[in-house]
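Structure first, then comments.
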Amino acid sequence: MPAQDSHAVAPAGADRPPLTDGLTAFVKRDCPTCCDVEPVLAQLADHAARTGSQLTVYTQDDPTFPAGVAGTAADVIHDEDLAVSWHHDVDTVPTLVAVAGGREMARTVGWDRRSWEALSGADDLGPGLAEMRPGCGSLSVDPLLADELALRFGATSFASRRVEFASAEDPVEAAYDRGWSDGLPVVPPTEARVAAMLAGTTRAPDEIVAIVPPALEACTVEKVAVNAVMAGCRPEYLPVVLAAVEAACTDTFNMHGLLCTLWFSGPIIIVNGPIRRRIGMNTDKNSLGQGNRANSTIGRALQLVIRNVGGGKPGIGGIDRSALGSPSKVGWCFAEDEERLPDGWPPLSVSRGYEMGEDTVTLFAGHGPIGCIDQISRTPGSLIRTIAQQLMCVGNRKLPSEAMLVMTPEHMATFGDAGWTRQRFYEELDPLLQMDLEFAIRGAGGIEEGLPESLVQHLGGTTQVRRAGPDEARGADDGDDHGLVFGSTEGSAGGSLRKLPPWSPLVVTAGGGAGGFSAIIEGWVPGAKGSTPITHPIRP
């Protein structure tokens with residue numbers, strides 16, 4: 001069931017199987033009460049023969065059960081696919097139904113002598129049996145079968161085209177052959193799995209989530225669910241995946257441009273809010289790595305949507321033109337460890353305008369990580385200089401860039417224990433990120449790469465550009481970059497140029513409690529020429 005196909009299909013098995021006039025019983029051998037009433041069914045068969053009526057017995061599991069019942073006035077039918085049981089809402093066996101004119105007139109469930117005699121008109125049923133005995137669960141409502149039966153018999157319908165595989169065809173290999181995979185095996189998106197995935201959200205399956213680049217295809221909740229199944233997500237992850245798709249397909253984030261660039265970056269998802277814990281995301285050791293299902297599959301689901309719905313594929317004829325690519329192009333998602341943030345350090349989402357406790361995703365176009373090691377510094381003034389000198393090397397020391405800083409609890413404690421707030425951190429970091437324009441100009445130091453001379457001359461003048469706060473979104477006008485091919489001059493002000501744009505680096509806390517290491521995630525081109533980080537709410 002590929003995510004990019006959208007041909008409507010009529011539900012299978014929409015017609016309700018009719019019941020024969022007379023008495024109809026539903027039983028299964030794997031039920032002690034049904035076994036107890038086996039002689040009673042033989043009595044009803046004899047009664048039907050004497051009175052000219054009909055007894056029909058549907059057996060759910062064993063076609064040889066019940067024995068000694070079939071005859072001229074009685075039929076035993078194996079309800080092998082449970083179609084009759086399902087369509088007639090049998091939830092308990094034995095169930096005895098009186099039918100007249102093709103319509104159900106009355107029914108009784110379990111064994112109750114008075115009810116069975118009243119329904120059948122027969123006397124002295126089940127001598128030796130207790131007056132009453134409860135029944136057992138019908139196979140048609142078995143939790144292991146219920147979703148599959150609902151799909152098979154038309155209770156759930158999908159807009160996506162159904163793809164039938166030959167019995168000898170391996171569905172995992174078929175996904176590779178049809179181009180649905182990102183290079184790793186995918187979980188076959190059976191109807192039962194997609195229905196279970198859709199149960200993870202309150203949103204309607206046909207709701208349009210986004211227009212997905214590069215093909216600008218309308219993507220529904222159902223199609224996101226299909227790709228979430230293939231990525232290996234659990235249903236409770238679906239709201240996060242939906243929010244990530246919505247955020248990625250905005251002009252602000254510019255997923256189309258991110259696909260077309262020769263640079264390394266891909267979409268990185270940072271999750272904030274209580275949902276992190278509800279779905280079991282890892283914020284501790286190895287939080288940027290493997291081993292956690294939610295961390296590993298949510299980002300992959302987003303990338304599969306871009307690939308299978310929007311057509312954003314690499315390779316010959318594909319639009320993804322990254323010269324080298326990076327693991328973040330497979331999918332990268334992690335959560336902030338909000339519980340370890342010190343006083344004065346609101347979570348990333350709160351610093352970007354959302355309420356504490358609100359579930360959000362933040363998307364950043366990046367790749368990496370680059371390690372930042374400092375196991376010696378015990379003062380914030382020393383540690384911030386380590387971080388700054390590492391940030392100055394992002395991309396190329398002679399070019400402006402963009403970055404995210406994932407600070408481990410040990411590094412974060414150095415700032416928090418000294419009373420530094422998030423705002424103080426940015427204020428102290430700002431002067432350390434000013435570029436040396438004489439070094440950065442093209443040709444300086446024997447390096448041809450660098451800032452255009454006209455840009456350096458412009459920055460050395462009196463042009464003033466308003467500086468935004470560290471968490472403030474960019475303005476609409478990026479100004480004139482004077483021939484700068486890579487990077488942005490959004491950090492320029494008063495004759496200087498900041499290595500990173502005013503809102504950068506985004507700072508997040510995650511990772512194990514021990515280790516004087518933090519991670520720098522390199523970004524793509526910031527601003528209007530590239531991508532701007534976006535924070536988006538998660539809907540149920």
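Residues in the structure tokens are named by chain (A, B, ... in the order shown) and by number from 1 within that chain; ligands are numbered from 1 in the order shown.
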
> Any idea what's packed within 6 Å of segment 264-272 of chain A, counting only C-alpha atoms, ignoring anything in its chain fewer than 3 positions away? Could you give it as an MDAnalysis selection string?
Replying inline: chainID A and resid 322 325:326 328:329 332:335 359:367

Just the residues within 6 Å of segment 48-57 of chain A, please, counting only C-alpha atoms, with nothing from its chain fewer than 4 positions along; format it as a PDB file with C-alpha atoms, in the first residue's frame.
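Output file part21.pdb follows:
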ATOM      1  CA  GLY A  22     -35.587 -20.795  12.021  1.00  0.00           C
ATOM      2  CA  LEU A  23     -32.935 -21.061  14.705  1.00  0.00           C
ATOM      3  CA  THR A  24     -29.289 -20.135  14.221  1.00  0.00           C
ATOM      4  CA  ALA A  25     -26.601 -21.044  16.750  1.00  0.00           C
ATOM      5  CA  PHE A  26     -23.006 -19.770  16.925  1.00  0.00           C
ATOM      6  CA  ALA A  73     -33.563 -30.075   9.205  1.00  0.00           C
ATOM      7  CA  ALA A  74     -30.146 -28.967  10.448  1.00  0.00           C
ATOM      8  CA  ASP A  75     -26.976 -27.605   8.817  1.00  0.00           C
ATOM      9  CA  VAL A  76     -23.534 -27.210  10.378  1.00  0.00           C
TER      10      VAL A  76
END

> So which residues of segment 264-433 of chain A fall under alpha helix (DSSP H) by DSSP, listed as JSON, numbers by chain?
Replying inline: {"A": [275, 276, 277, 278, 293, 294, 295, 296, 297, 298, 299, 300, 301, 302, 303, 304, 305, 306, 307, 308, 348, 349, 350, 351, 380, 381, 382, 383, 384, 385, 386, 387, 388, 389, 390, 391, 409, 410, 411, 412, 413, 414, 415, 416, 417, 422, 423, 424, 425, 426, 427, 428, 429]}

> Counting only C-alpha atoms, what is within 7 Å of segment 243-256 of chain A, bar same-chain residues fewer than 4 positions away, as a PyMOL selection string?
Replying inline: chain A and resi 209-214+239+260+302+361+530-534+536-538

Atoms kept (C-alpha atoms) for selection, written as an mmCIF file, in the first residue's frame:
data_model
loop_
_atom_site.group_PDB
_atom_site.id
_atom_site.type_symbol
_atom_site.label_atom_id
_atom_site.label_comp_id
_atom_site.auth_asym_id
_atom_site.auth_seq_id
_atom_site.Cartn_x
_atom_site.Cartn_y
_atom_site.Cartn_z
ATOM 1 C CA VAL A 209 -1.719 17.703 6.725
ATOM 2 C CA ALA A 210 0.559 19.504 4.268
ATOM 3 C CA ILE A 211 1.481 20.050 0.645
ATOM 4 C CA VAL A 212 4.675 18.042 0.410
ATOM 5 C CA PRO A 213 7.596 19.138 -1.765
ATOM 6 C CA PRO A 214 9.101 18.757 -4.235
ATOM 7 C CA PRO A 239 0.903 13.084 16.505
ATOM 8 C CA CYS A 260 18.065 20.581 -3.572
ATOM 9 C CA LEU A 302 9.159 12.328 8.188
ATOM 10 C CA VAL A 361 8.456 19.941 17.710
ATOM 11 C CA GLY A 530 18.086 28.649 3.217
ATOM 12 C CA SER A 531 16.139 27.448 6.232
ATOM 13 C CA THR A 532 14.995 29.035 9.480
ATOM 14 C CA PRO A 533 14.282 26.831 12.527
ATOM 15 C CA ILE A 534 10.576 26.475 13.218
ATOM 16 C CA HIS A 536 5.278 23.878 15.841
ATOM 17 C CA PRO A 537 2.614 22.582 18.270
ATOM 18 C CA ILE A 538 1.717 18.891 18.434
#

>> Quick one: residues within 7 Å of segment 349-354 of chain A, only C-alpha atoms, excluding same-chain residues fewer than 2 positions away - as a PyMOL selection string?
In response: chain A and resi 272+346-347+356+358+360+471+535

Produce a file of the selected residues containing all heavy atoms, as an mmCIF file, in the first residue's frame.
data_model
loop_
_atom_site.group_PDB
_atom_site.id
_atom_site.type_symbol
_atom_site.label_atom_id
_atom_site.label_comp_id
_atom_site.auth_asym_id
_atom_site.auth_seq_id
_atom_site.Cartn_x
_atom_site.Cartn_y
_atom_site.Cartn_z
ATOM 1 N N ASN A 272 9.667 18.687 22.579
ATOM 2 C CA ASN A 272 9.497 19.249 23.915
ATOM 3 C C ASN A 272 8.096 18.960 24.422
ATOM 4 O O ASN A 272 7.164 18.758 23.639
ATOM 5 C CB ASN A 272 9.722 20.763 23.913
ATOM 6 C CG ASN A 272 11.183 21.158 23.897
ATOM 7 O OD1 ASN A 272 11.731 21.503 22.860
ATOM 8 N ND2 ASN A 272 11.826 21.111 25.056
ATOM 9 N N PRO A 346 14.697 28.070 30.538
ATOM 10 C CA PRO A 346 13.450 27.450 30.069
ATOM 11 C C PRO A 346 13.741 26.482 28.932
ATOM 12 O O PRO A 346 14.754 26.594 28.244
ATOM 13 C CB PRO A 346 12.627 28.643 29.576
ATOM 14 C CG PRO A 346 13.644 29.685 29.223
ATOM 15 C CD PRO A 346 14.775 29.497 30.199
ATOM 16 N N PRO A 347 12.873 25.490 28.713
ATOM 17 C CA PRO A 347 13.046 24.582 27.577
ATOM 18 C C PRO A 347 13.089 25.346 26.252
ATOM 19 O O PRO A 347 12.624 26.489 26.157
ATOM 20 C CB PRO A 347 11.813 23.679 27.651
ATOM 21 C CG PRO A 347 11.366 23.760 29.068
ATOM 22 C CD PRO A 347 11.703 25.143 29.524
ATOM 23 N N MET A 356 4.961 26.520 28.956
ATOM 24 C CA MET A 356 5.530 25.372 29.645
ATOM 25 C C MET A 356 4.496 24.251 29.671
ATOM 26 O O MET A 356 3.327 24.478 29.971
ATOM 27 C CB MET A 356 5.923 25.766 31.073
ATOM 28 C CG MET A 356 6.737 24.735 31.794
ATOM 29 S SD MET A 356 8.410 24.651 31.094
ATOM 30 C CE MET A 356 9.062 23.243 32.010
ATOM 31 N N GLU A 358 3.522 22.582 27.028
ATOM 32 C CA GLU A 358 2.914 22.441 25.703
ATOM 33 C C GLU A 358 3.795 21.544 24.840
ATOM 34 O O GLU A 358 5.010 21.705 24.796
ATOM 35 C CB GLU A 358 2.769 23.811 25.056
ATOM 36 C CG GLU A 358 1.900 23.825 23.810
ATOM 37 C CD GLU A 358 1.563 25.222 23.338
ATOM 38 O OE1 GLU A 358 1.989 26.199 23.991
ATOM 39 O OE2 GLU A 358 0.867 25.340 22.309
ATOM 40 N N THR A 360 5.534 20.285 21.625
ATOM 41 C CA THR A 360 5.969 20.910 20.371
ATOM 42 C C THR A 360 7.066 20.087 19.707
ATOM 43 O O THR A 360 7.716 19.247 20.338
ATOM 44 C CB THR A 360 6.544 22.322 20.601
ATOM 45 O OG1 THR A 360 7.759 22.214 21.357
ATOM 46 C CG2 THR A 360 5.565 23.222 21.322
ATOM 47 N N ASP A 471 16.514 34.438 20.779
ATOM 48 C CA ASP A 471 15.416 33.549 20.433
ATOM 49 C C ASP A 471 14.394 34.217 19.529
ATOM 50 O O ASP A 471 13.300 33.721 19.328
ATOM 51 C CB ASP A 471 14.714 33.050 21.705
ATOM 52 C CG ASP A 471 15.640 32.192 22.535
ATOM 53 O OD1 ASP A 471 16.247 31.290 21.963
ATOM 54 O OD2 ASP A 471 15.760 32.453 23.748
ATOM 55 N N THR A 535 9.327 26.154 15.275
ATOM 56 C CA THR A 535 8.718 25.401 16.370
ATOM 57 C C THR A 535 7.220 25.328 16.125
ATOM 58 O O THR A 535 6.587 26.340 15.807
ATOM 59 C CB THR A 535 9.019 26.056 17.724
ATOM 60 O OG1 THR A 535 10.442 26.122 17.900
ATOM 61 C CG2 THR A 535 8.425 25.251 18.869
#

Please identify all polymer residues within 7 Å of segment 418-430 of chain A, counting only C-alpha atoms, omitting same-chain residues fewer than 6 positions from it, and present them as a PDB file with N, CA and C atoms, in the first residue's frame.
ATOM      1  N   GLY A 344      16.273  29.347  35.376  1.00  0.00           N
ATOM      2  CA  GLY A 344      16.675  30.391  34.433  1.00  0.00           C
ATOM      3  C   GLY A 344      16.932  29.874  33.035  1.00  0.00           C
ATOM      4  N   TRP A 345      16.742  28.570  32.847  1.00  0.00           N
ATOM      5  CA  TRP A 345      16.925  27.972  31.513  1.00  0.00           C
ATOM      6  C   TRP A 345      15.616  27.317  31.090  1.00  0.00           C
ATOM      7  N   ILE A 384      32.489  28.702  28.229  1.00  0.00           N
ATOM      8  CA  ILE A 384      31.819  29.366  27.109  1.00  0.00           C
ATOM      9  C   ILE A 384      32.825  29.699  26.007  1.00  0.00           C
ATOM     10  N   ALA A 388      32.567  28.632  22.181  1.00  0.00           N
ATOM     11  CA  ALA A 388      32.624  29.657  21.145  1.00  0.00           C
ATOM     12  C   ALA A 388      33.679  29.318  20.090  1.00  0.00           C
ATOM     13  N   PRO A 470      18.384  36.533  21.063  1.00  0.00           N
ATOM     14  CA  PRO A 470      18.844  35.191  20.721  1.00  0.00           C
ATOM     15  C   PRO A 470      17.737  34.243  20.299  1.00  0.00           C
TER      16      PRO A 470
END

> Which residue out of A:Gly312, A:Gly527, A:Gly183, A:Pro409 has the minimum interatomic distance to Gly511 of chain A when only C-alpha atoms are used?
Replying inline: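 Of the candidates, the smallest distance to Gly511 of chain A is held by A:Pro409.
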
How close does segment 183-238 of chain A get to segment 157-160 of chain A? List, as CSV, each residue of segment 183-238 of chain A within 12 Å, its nearest atom pair and the distance in Å to one decimal, counting only C-alpha atoms.
residue,atom,partner,partner_atom,distance
A:Pro189,CA,A:Ser160,CA,11.0
A:Thr190,CA,A:Phe158,CA,11.3
A:Glu191,CA,A:Phe158,CA,8.3
A:Ala192,CA,A:Ser157,CA,11.0
A:Val194,CA,A:Phe158,CA,9.3
A:Ala195,CA,A:Phe158,CA,8.9
A:Leu198,CA,A:Phe158,CA,10.9
A:Ala204,CA,A:Phe158,CA,11.5
A:Pro205,CA,A:Phe158,CA,8.2
A:Asp206,CA,A:Ala159,CA,7.9
A:Glu207,CA,A:Ala159,CA,11.5
A:Cys219,CA,A:Ser160,CA,11.1
A:Thr220,CA,A:Ala159,CA,9.6
A:Val221,CA,A:Ala159,CA,10.8
A:Glu222,CA,A:Phe158,CA,7.7
A:Lys223,CA,A:Ser160,CA,7.4
A:Val224,CA,A:Ser160,CA,11.1
A:Ala225,CA,A:Ser160,CA,10.9
A:Val226,CA,A:Ser160,CA,8.9
A:Asn227,CA,A:Ser160,CA,11.7

> In Å to one decimal, how far is atom CA of Ser287 of chain A from atom CA of Glu355 of chain A?
Replying inline: 24.1 Å

As a PDB file with N, CA, C and O atoms, in the first residue's frame, please: every residue in segment 170-371 of chain A that DSSP puts in strand (DSSP E).
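So the final result, stored in states.pdb, reads:
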ATOM      1  N   ILE A 208      -6.092  16.969   5.271  1.00  0.00           N
ATOM      2  CA  ILE A 208      -4.850  17.348   4.604  1.00  0.00           C
ATOM      3  C   ILE A 208      -3.885  17.909   5.640  1.00  0.00           C
ATOM      4  O   ILE A 208      -4.181  18.881   6.319  1.00  0.00           O
ATOM      5  N   VAL A 209      -2.730  17.282   5.754  1.00  0.00           N
ATOM      6  CA  VAL A 209      -1.719  17.703   6.725  1.00  0.00           C
ATOM      7  C   VAL A 209      -0.826  18.784   6.134  1.00  0.00           C
ATOM      8  O   VAL A 209      -0.516  19.784   6.789  1.00  0.00           O
ATOM      9  N   ALA A 210      -0.388  18.576   4.898  1.00  0.00           N
ATOM     10  CA  ALA A 210       0.559  19.504   4.268  1.00  0.00           C
ATOM     11  C   ALA A 210       0.597  19.251   2.775  1.00  0.00           C
ATOM     12  O   ALA A 210       0.158  18.204   2.287  1.00  0.00           O
ATOM     13  N   ILE A 211       1.144  20.222   2.057  1.00  0.00           N
ATOM     14  CA  ILE A 211       1.481  20.050   0.645  1.00  0.00           C
ATOM     15  C   ILE A 211       2.980  19.755   0.617  1.00  0.00           C
ATOM     16  O   ILE A 211       3.792  20.604   0.967  1.00  0.00           O
ATOM     17  N   VAL A 212       3.317  18.538   0.204  1.00  0.00           N
ATOM     18  CA  VAL A 212       4.675  18.042   0.410  1.00  0.00           C
ATOM     19  C   VAL A 212       5.529  18.277  -0.834  1.00  0.00           C
ATOM     20  O   VAL A 212       5.176  17.867  -1.941  1.00  0.00           O
ATOM     21  N   GLU A 217       2.567  17.534  -3.462  1.00  0.00           N
ATOM     22  CA  GLU A 217       1.441  16.620  -3.356  1.00  0.00           C
ATOM     23  C   GLU A 217       0.715  16.835  -2.037  1.00  0.00           C
ATOM     24  O   GLU A 217       1.351  16.995  -0.990  1.00  0.00           O
ATOM     25  N   ALA A 218      -0.610  16.825  -2.078  1.00  0.00           N
ATOM     26  CA  ALA A 218      -1.400  16.907  -0.855  1.00  0.00           C
ATOM     27  C   ALA A 218      -1.219  15.616  -0.062  1.00  0.00           C
ATOM     28  O   ALA A 218      -1.367  14.521  -0.603  1.00  0.00           O
ATOM     29  N   CYS A 219      -0.911  15.764   1.207  1.00  0.00           N
ATOM     30  CA  CYS A 219      -0.645  14.608   2.059  1.00  0.00           C
ATOM     31  C   CYS A 219      -1.675  14.558   3.177  1.00  0.00           C
ATOM     32  O   CYS A 219      -1.818  15.506   3.945  1.00  0.00           O
ATOM     33  N   THR A 220      -2.384  13.438   3.289  1.00  0.00           N
ATOM     34  CA  THR A 220      -3.405  13.264   4.312  1.00  0.00           C
ATOM     35  C   THR A 220      -2.822  12.594   5.556  1.00  0.00           C
ATOM     36  O   THR A 220      -1.712  12.061   5.540  1.00  0.00           O
ATOM     37  N   GLY A 266      19.903  17.654   6.730  1.00  0.00           N
ATOM     38  CA  GLY A 266      18.545  17.132   6.644  1.00  0.00           C
ATOM     39  C   GLY A 266      17.745  17.663   7.815  1.00  0.00           C
ATOM     40  O   GLY A 266      18.288  18.318   8.712  1.00  0.00           O
ATOM     41  N   PRO A 267      16.450  17.390   7.871  1.00  0.00           N
ATOM     42  CA  PRO A 267      15.621  17.901   8.967  1.00  0.00           C
ATOM     43  C   PRO A 267      15.902  17.158  10.275  1.00  0.00           C
ATOM     44  O   PRO A 267      15.885  15.929  10.326  1.00  0.00           O
ATOM     45  N   ILE A 268      16.163  17.903  11.336  1.00  0.00           N
ATOM     46  CA  ILE A 268      16.365  17.353  12.670  1.00  0.00           C
ATOM     47  C   ILE A 268      15.202  17.807  13.537  1.00  0.00           C
ATOM     48  O   ILE A 268      14.839  18.985  13.547  1.00  0.00           O
ATOM     49  N   ILE A 269      14.595  16.869  14.263  1.00  0.00           N
ATOM     50  CA  ILE A 269      13.400  17.141  15.061  1.00  0.00           C
ATOM     51  C   ILE A 269      13.765  17.119  16.539  1.00  0.00           C
ATOM     52  O   ILE A 269      14.348  16.144  17.026  1.00  0.00           O
ATOM     53  N   ILE A 270      13.419  18.202  17.263  1.00  0.00           N
ATOM     54  CA  ILE A 270      13.606  18.253  18.711  1.00  0.00           C
ATOM     55  C   ILE A 270      12.219  18.305  19.346  1.00  0.00           C
ATOM     56  O   ILE A 270      11.401  19.167  19.008  1.00  0.00           O
ATOM     57  N   VAL A 271      11.936  17.385  20.252  1.00  0.00           N
ATOM     58  CA  VAL A 271      10.615  17.267  20.868  1.00  0.00           C
ATOM     59  C   VAL A 271      10.648  17.853  22.269  1.00  0.00           C
ATOM     60  O   VAL A 271      11.553  17.558  23.059  1.00  0.00           O
ATOM     61  N   ASN A 272       9.667  18.687  22.579  1.00  0.00           N
ATOM     62  CA  ASN A 272       9.497  19.249  23.915  1.00  0.00           C
ATOM     63  C   ASN A 272       8.096  18.960  24.422  1.00  0.00           C
ATOM     64  O   ASN A 272       7.164  18.758  23.639  1.00  0.00           O
ATOM     65  N   TRP A 332      16.387  11.975  11.972  1.00  0.00           N
ATOM     66  CA  TRP A 332      17.036  12.307  13.230  1.00  0.00           C
ATOM     67  C   TRP A 332      16.023  13.013  14.113  1.00  0.00           C
ATOM     68  O   TRP A 332      15.479  14.060  13.747  1.00  0.00           O
ATOM     69  N   CYS A 333      15.763  12.429  15.263  1.00  0.00           N
ATOM     70  CA  CYS A 333      14.818  13.015  16.208  1.00  0.00           C
ATOM     71  C   CYS A 333      15.321  12.744  17.615  1.00  0.00           C
ATOM     72  O   CYS A 333      15.766  11.636  17.921  1.00  0.00           O
ATOM     73  N   PHE A 334      15.277  13.749  18.467  1.00  0.00           N
ATOM     74  CA  PHE A 334      15.599  13.541  19.870  1.00  0.00           C
ATOM     75  C   PHE A 334      14.772  14.501  20.709  1.00  0.00           C
ATOM     76  O   PHE A 334      14.098  15.389  20.174  1.00  0.00           O
ATOM     77  N   ALA A 335      14.810  14.314  22.014  1.00  0.00           N
ATOM     78  CA  ALA A 335      13.999  15.131  22.918  1.00  0.00           C
ATOM     79  C   ALA A 335      14.893  15.870  23.893  1.00  0.00           C
ATOM     80  O   ALA A 335      15.971  15.401  24.259  1.00  0.00           O
ATOM     81  N   THR A 360       5.534  20.285  21.625  1.00  0.00           N
ATOM     82  CA  THR A 360       5.969  20.910  20.371  1.00  0.00           C
ATOM     83  C   THR A 360       7.066  20.087  19.707  1.00  0.00           C
ATOM     84  O   THR A 360       7.716  19.247  20.338  1.00  0.00           O
ATOM     85  N   VAL A 361       7.260  20.365  18.429  1.00  0.00           N
ATOM     86  CA  VAL A 361       8.456  19.941  17.710  1.00  0.00           C
ATOM     87  C   VAL A 361       9.158  21.198  17.201  1.00  0.00           C
ATOM     88  O   VAL A 361       8.506  22.168  16.822  1.00  0.00           O
ATOM     89  N   THR A 362      10.475  21.175  17.242  1.00  0.00           N
ATOM     90  CA  THR A 362      11.282  22.211  16.599  1.00  0.00           C
ATOM     91  C   THR A 362      12.101  21.542  15.521  1.00  0.00           C
ATOM     92  O   THR A 362      12.754  20.528  15.776  1.00  0.00           O
ATOM     93  N   LEU A 363      12.054  22.085  14.304  1.00  0.00           N
ATOM     94  CA  LEU A 363      12.818  21.531  13.193  1.00  0.00           C
ATOM     95  C   LEU A 363      14.003  22.426  12.885  1.00  0.00           C
ATOM     96  O   LEU A 363      13.861  23.652  12.788  1.00  0.00           O
ATOM     97  N   PHE A 364      15.154  21.795  12.738  1.00  0.00           N
ATOM     98  CA  PHE A 364      16.394  22.488  12.427  1.00  0.00           C
ATOM     99  C   PHE A 364      17.055  21.757  11.268  1.00  0.00           C
ATOM    100  O   PHE A 364      17.169  20.527  11.286  1.00  0.00           O
ATOM    101  N   ALA A 365      17.481  22.498  10.252  1.00  0.00           N
ATOM    102  CA  ALA A 365      18.160  21.887   9.104  1.00  0.00           C
ATOM    103  C   ALA A 365      19.628  21.720   9.448  1.00  0.00           C
ATOM    104  O   ALA A 365      20.375  22.706   9.505  1.00  0.00           O
ATOM    105  N   GLY A 366      20.044  20.497   9.704  1.00  0.00           N
ATOM    106  CA  GLY A 366      21.415  20.313  10.170  1.00  0.00           C
ATOM    107  C   GLY A 366      21.956  18.931   9.920  1.00  0.00           C
ATOM    108  O   GLY A 366      21.316  18.071   9.319  1.00  0.00           O
ATOM    109  N   HIS A 367      23.164  18.714  10.424  1.00  0.00           N
ATOM    110  CA  HIS A 367      23.851  17.429  10.297  1.00  0.00           C
ATOM    111  C   HIS A 367      24.945  17.382  11.357  1.00  0.00           C
ATOM    112  O   HIS A 367      25.278  18.386  11.979  1.00  0.00           O
ATOM    113  N   GLY A 368      25.548  16.237  11.522  1.00  0.00           N
ATOM    114  CA  GLY A 368      26.621  16.111  12.506  1.00  0.00           C
ATOM    115  C   GLY A 368      26.420  14.870  13.355  1.00  0.00           C
ATOM    116  O   GLY A 368      25.872  13.868  12.895  1.00  0.00           O
ATOM    117  N   PRO A 369      26.779  14.927  14.644  1.00  0.00           N
ATOM    118  CA  PRO A 369      27.275  16.100  15.363  1.00  0.00           C
ATOM    119  C   PRO A 369      28.805  16.235  15.329  1.00  0.00           C
ATOM    120  O   PRO A 369      29.512  15.304  14.969  1.00  0.00           O
ATOM    121  N   ILE A 370      29.262  17.419  15.739  1.00  0.00           N
ATOM    122  CA  ILE A 370      30.675  17.677  15.982  1.00  0.00           C
ATOM    123  C   ILE A 370      30.879  17.686  17.493  1.00  0.00           C
ATOM    124  O   ILE A 370      30.122  18.325  18.219  1.00  0.00           O
ATOM    125  N   GLY A 371      31.883  16.977  17.973  1.00  0.00           N
ATOM    126  CA  GLY A 371      32.125  16.935  19.401  1.00  0.00           C
ATOM    127  C   GLY A 371      32.752  18.212  19.914  1.00  0.00           C
ATOM    128  O   GLY A 371      33.575  18.838  19.250  1.00  0.00           O
TER     129      GLY A 371
END

> With only C-alpha atoms as the basis for distance, which of A:Leu125, A:Met412, A:Val97, A:Leu145 is at the shortest distance from Asp46 of chain A?
Replying inline: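 Of A:Leu125, A:Met412, A:Val97, A:Leu145, the one nearest Asp46 of chain A, counting only C-alpha atoms, is A:Leu125.
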
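Shortest separation to Lys499 of chain A among A:Cys35, A:Ile521, A:Met197, A:Leu391 occurs at residue A:Leu391, atoms counted being only C-alpha atoms.
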
>> Env of Arg397 of chain A: 10 Å cut, atoms = only C-alpha atoms, seq-sep filter 2 positions within chain, self excluded. Answer as JSON, numbers by chain.
In response: {"A": [389, 390, 391, 392, 393, 394, 395, 399, 400, 401, 435, 436, 439, 440, 449, 450, 499]}
